[in-house]
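Structure data (mmCIF, C-alpha atoms and all ligand atoms) from structure_36.cif:
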data_model
#
loop_
_atom_site.group_PDB
_atom_site.id
_atom_site.type_symbol
_atom_site.label_atom_id
_atom_site.label_comp_id
_atom_site.auth_asym_id
_atom_site.auth_seq_id
_atom_site.Cartn_x
_atom_site.Cartn_y
_atom_site.Cartn_z
ATOM 1 C CA MET A 1 32.474 -7.879 15.132
ATOM 2 C CA ILE A 2 29.270 -7.623 13.100
ATOM 3 C CA THR A 3 27.727 -4.171 13.442
ATOM 4 C CA GLY A 4 24.812 -4.437 11.027
ATOM 5 C CA VAL A 5 23.749 -5.558 7.617
ATOM 6 C CA PRO A 6 26.335 -4.549 5.022
ATOM 7 C CA ALA A 7 25.171 -2.358 2.186
ATOM 8 C CA SER A 8 25.365 -3.619 -1.385
ATOM 9 C CA TRP A 9 25.721 -1.916 -4.730
ATOM 10 C CA TYR A 10 22.923 -2.709 -7.177
ATOM 11 C CA LEU A 11 22.996 -2.144 -10.913
ATOM 12 C CA VAL A 12 19.822 -0.135 -11.607
ATOM 13 C CA ALA A 13 20.361 0.816 -15.273
ATOM 14 C CA ASP A 14 22.843 0.053 -18.026
ATOM 15 C CA SER A 15 23.484 3.785 -18.511
ATOM 16 C CA GLN A 16 22.196 7.176 -17.404
ATOM 17 C CA GLU A 17 20.190 7.360 -20.612
ATOM 18 C CA ALA A 18 18.410 4.127 -19.681
ATOM 19 C CA LEU A 19 17.056 5.516 -16.401
ATOM 20 C CA PRO A 20 13.249 5.800 -16.636
ATOM 21 C CA PHE A 21 12.918 9.497 -15.868
ATOM 22 C CA GLN A 22 9.430 10.902 -15.619
ATOM 23 C CA SER A 23 8.589 14.434 -16.753
ATOM 24 C CA ASN A 24 9.299 15.648 -13.179
ATOM 25 C CA GLY A 25 12.971 14.637 -13.427
ATOM 26 C CA ILE A 26 12.578 11.689 -11.036
ATOM 27 C CA ALA A 27 13.071 8.027 -11.940
ATOM 28 C CA VAL A 28 12.018 5.037 -9.845
ATOM 29 C CA VAL A 29 14.309 2.016 -9.922
ATOM 30 C CA GLN A 30 14.560 -1.227 -8.029
ATOM 31 C CA ALA A 31 17.689 -1.810 -5.933
ATOM 32 C CA GLY A 32 17.339 -5.294 -4.523
ATOM 33 C CA GLU A 33 13.991 -5.291 -2.734
ATOM 34 C CA ARG A 34 13.951 -1.525 -2.314
ATOM 35 C CA SER A 35 12.267 1.043 -4.569
ATOM 36 C CA VAL A 36 14.560 4.017 -4.929
ATOM 37 C CA CYS A 37 14.044 7.414 -6.521
ATOM 38 C CA ILE A 38 16.763 8.998 -8.610
ATOM 39 C CA ALA A 39 16.603 12.731 -9.227
ATOM 40 C CA ARG A 40 18.402 14.374 -12.123
ATOM 41 C CA LEU A 41 19.160 18.000 -11.325
ATOM 42 C CA THR A 42 19.359 20.674 -14.008
ATOM 43 C CA ASP A 43 23.166 20.426 -14.060
ATOM 44 C CA GLY A 44 22.919 16.684 -14.737
ATOM 45 C CA ARG A 45 23.950 15.441 -11.295
ATOM 46 C CA LEU A 46 22.105 12.338 -10.069
ATOM 47 C CA TYR A 47 21.004 11.635 -6.490
ATOM 48 C CA ALA A 48 19.286 8.585 -5.027
ATOM 49 C CA PHE A 49 16.792 8.691 -2.178
ATOM 50 C CA ALA A 50 13.939 6.738 -0.624
ATOM 51 C CA GLN A 51 10.724 6.371 -2.570
ATOM 52 C CA ARG A 52 8.564 7.016 0.521
ATOM 53 C CA CYS A 53 8.432 10.367 2.291
ATOM 54 C CA PRO A 54 9.606 10.136 5.923
ATOM 55 C CA HIS A 55 6.508 12.066 7.047
ATOM 56 C CA VAL A 56 3.674 9.619 6.329
ATOM 57 C CA GLY A 57 4.961 7.692 3.345
ATOM 58 C CA VAL A 58 3.547 9.416 0.280
ATOM 59 C CA PRO A 59 5.566 8.424 -2.843
ATOM 60 C CA LEU A 60 8.132 11.120 -3.556
ATOM 61 C CA SER A 61 8.274 9.954 -7.172
ATOM 62 C CA GLU A 62 4.945 11.754 -7.586
ATOM 63 C CA GLY A 63 6.387 15.004 -6.273
ATOM 64 C CA TRP A 64 8.555 17.523 -8.060
ATOM 65 C CA LEU A 65 11.968 19.171 -7.955
ATOM 66 C CA ASP A 66 12.054 22.862 -7.095
ATOM 67 C CA ALA A 67 14.397 25.456 -8.599
ATOM 68 C CA LEU A 68 17.036 24.671 -5.950
ATOM 69 C CA GLY A 69 16.956 20.944 -6.692
ATOM 70 C CA ARG A 70 14.998 19.908 -3.624
ATOM 71 C CA VAL A 71 12.306 17.269 -3.880
ATOM 72 C CA VAL A 72 8.869 18.503 -2.841
ATOM 73 C CA CYS A 73 6.545 15.852 -1.433
ATOM 74 C CA PRO A 74 3.084 15.801 -3.058
ATOM 75 C CA GLY A 75 1.551 14.898 0.322
ATOM 76 C CA HIS A 76 2.078 18.029 2.393
ATOM 77 C CA ALA A 77 4.750 19.899 0.387
ATOM 78 C CA TYR A 78 7.631 19.255 2.766
ATOM 79 C CA ARG A 79 10.940 19.786 0.992
ATOM 80 C CA PHE A 80 14.068 17.680 1.154
ATOM 81 C CA ASP A 81 17.582 18.263 -0.127
ATOM 82 C CA VAL A 82 18.227 15.275 -2.400
ATOM 83 C CA CYS A 83 21.994 15.565 -1.736
ATOM 84 C CA ASN A 84 21.819 14.859 1.995
ATOM 85 C CA GLY A 85 18.155 14.263 2.881
ATOM 86 C CA ARG A 86 17.874 17.386 5.017
ATOM 87 C CA ASN A 87 14.297 18.594 5.537
ATOM 88 C CA THR A 88 14.763 22.133 4.236
ATOM 89 C CA SER A 89 11.192 23.209 4.998
ATOM 90 C CA GLY A 90 11.904 22.716 8.703
ATOM 91 C CA GLU A 91 9.563 19.992 9.967
ATOM 92 C CA GLY A 92 12.418 17.928 11.375
ATOM 93 C CA TYR A 93 12.280 14.811 9.223
ATOM 94 C CA GLN A 94 15.233 13.193 7.486
ATOM 95 C CA LEU A 95 14.925 11.680 4.031
ATOM 96 C CA LYS A 96 17.015 8.573 3.530
ATOM 97 C CA THR A 97 19.557 9.014 0.757
ATOM 98 C CA TYR A 98 21.746 6.431 -0.969
ATOM 99 C CA ALA A 99 25.144 6.508 -2.609
ATOM 100 C CA LEU A 100 25.004 6.429 -6.395
ATOM 101 C CA ARG A 101 27.772 5.902 -8.902
ATOM 102 C CA VAL A 102 27.956 5.858 -12.674
ATOM 103 C CA ASP A 103 30.683 3.980 -14.498
ATOM 104 C CA LEU A 104 31.158 2.162 -17.794
ATOM 105 C CA GLU A 105 29.053 -0.761 -16.556
ATOM 106 C CA GLY A 106 26.035 1.375 -15.689
ATOM 107 C CA VAL A 107 24.328 3.173 -12.833
ATOM 108 C CA PHE A 108 24.660 1.672 -9.357
ATOM 109 C CA VAL A 109 22.882 2.482 -6.081
ATOM 110 C CA ARG A 110 24.139 1.338 -2.692
ATOM 111 C CA VAL A 111 21.427 0.270 -0.245
ATOM 112 C CA PRO A 112 21.494 -1.677 3.034
HETATM 113 S S1 LIG B 1 3.780 12.608 3.406
HETATM 114 FE FE1 LIG B 1 5.366 13.825 2.568
HETATM 115 S S2 LIG B 1 5.044 15.761 3.459
HETATM 116 FE FE2 LIG B 1 3.537 14.536 4.377
#
Take the structure I supplied and represent it as structure tokens, if you would.
Ligand code: FES
Amino acid sequence: MITGVPASWYLVADSQEALPFQSNGIAVVQAGERSVCIARLTDGRLYAFAQRCPHVGVPLSEGWLDALGRVVCPGHAYRFDVCNGRNTSGEGYQLKTYALRVDLEGVFVRVP
């Protein structure tokens, strides 16, 4: 039984060092037809999430990471946990997150 479109892993960089991080610690990569943000937290962990804020679509790549590693939207300052997409500032939105893996072949993001 087909239950939906299967997700695919996309190579987004040849290595972690090749990710195009901006000064805010967020990189934007292309996974298939989807623009995806990758955040690098202070401990080096990487998390992938949607480029557009679930509120009204402002690019999260133009936001910033707070001291707890949450992405802050530049639109209206809603905050999202980049690990699970939870809206930690309490407005009730859910940020889409994506699986990410790093291996010897590069950095991969899994998107539908
Ligand atoms: S568009 Fe992101 S908080 Fe409003």
Contacts of ligand LIG 1 (chain B), 10 Å or closer, only C-alpha atoms and all ligand atoms, given as a compact mmCIF listing (two decimals) with C-alpha atoms, in the frame of the given file:
# COMPACT_ATOMS: atom_id res chain seq x y z
CA ARG A 52 8.56 7.02 0.52
CA CYS A 53 8.43 10.37 2.29
CA PRO A 54 9.61 10.14 5.92
CA HIS A 55 6.51 12.07 7.05
CA VAL A 56 3.67 9.62 6.33
CA GLY A 57 4.96 7.69 3.34
CA VAL A 58 3.55 9.42 0.28
CA PRO A 59 5.57 8.42 -2.84
CA LEU A 60 8.13 11.12 -3.56
CA GLY A 63 6.39 15.00 -6.27
CA VAL A 72 8.87 18.50 -2.84
CA CYS A 73 6.54 15.85 -1.43
CA PRO A 74 3.08 15.80 -3.06
CA GLY A 75 1.55 14.90 0.32
CA HIS A 76 2.08 18.03 2.39
CA ALA A 77 4.75 19.90 0.39
CA TYR A 78 7.63 19.26 2.77
CA ARG A 79 10.94 19.79 0.99
CA PHE A 80 14.07 17.68 1.15
CA ASN A 87 14.30 18.59 5.54
CA SER A 89 11.19 23.21 5.00
CA GLU A 91 9.56 19.99 9.97
CA TYR A 93 12.28 14.81 9.22
CA LEU A 95 14.92 11.68 4.03
- Query: When distances are computed from all atoms listed in the file, which of A:Pro20, A:Pro112, A:Gly32, A:Gly69 shows the smallest separation from A:Lys96?
  - Reply: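 Of A:Pro20, A:Pro112, A:Gly32, A:Gly69, the one nearest A:Lys96, counting all atoms listed in the file, is A:Pro112.
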- A:Val29 surroundings by only C-alpha atoms, 10 Å radius, close-in-sequence under 3 positions cut, as number ranges by chain: A: 11-13, 19-21, 26, 32, 34-38, 48, 51, 109
- 6 Å contact set for A:Arg110, all atoms listed in the file, chain neighbours under 2 positions out, as a PyMOL selection string: chain A and resi 8-9+98-99
As JSON, please: the centre and edge lengths in Å, to one decimal, of an axis-aligned box enclosing every listed atom of stretch 5-24 of chain A with 3 Å added on each side.
{"center_x": 17.5, "center_y": 5.0, "center_z": -6.5, "size_x": 23.7, "size_y": 27.2, "size_z": 34.2}
- Correct to one decimal, the distance atom CA of A:Ser23-atom CA of A:Gly92 is 28.6 Å
- Task: Return as a ChimeraX atom specification the set of residues that the PyMOL selection byres (((chain A and resi 83) around 9) and not hetatm) yields on the displayed structure.
- Result: /A:46-49,69-70,80-82,84-86,97
- Would you mind reading off the distance between atom CA of A:Ala31 and atom CA of A:Phe108, one decimal, in Å?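 Distance reported for this atom pair: 8.5 Å.
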- If you apply the PyMOL selection byres (((chain A and resi 16) around 9) and not hetatm) to this file, what residues do you get, as a ChimeraX atom specification? /A:13-15,17-19,46,102,106-107
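Counting only C-alpha atoms and comparing A:Ala39, A:Ala50, A:Val28, A:Ala7, the residue that lies closest to A:Gln94 is A:Ala50.
You will find atom CA of A:Tyr10 at 15.3 Å from atom CA of A:Ala27.
Counting all atoms listed in the file, the residue from A:Glu105, A:Gln22, A:Gly44, A:Leu100 that sits nearest to A:Ser61 is A:Gln22.
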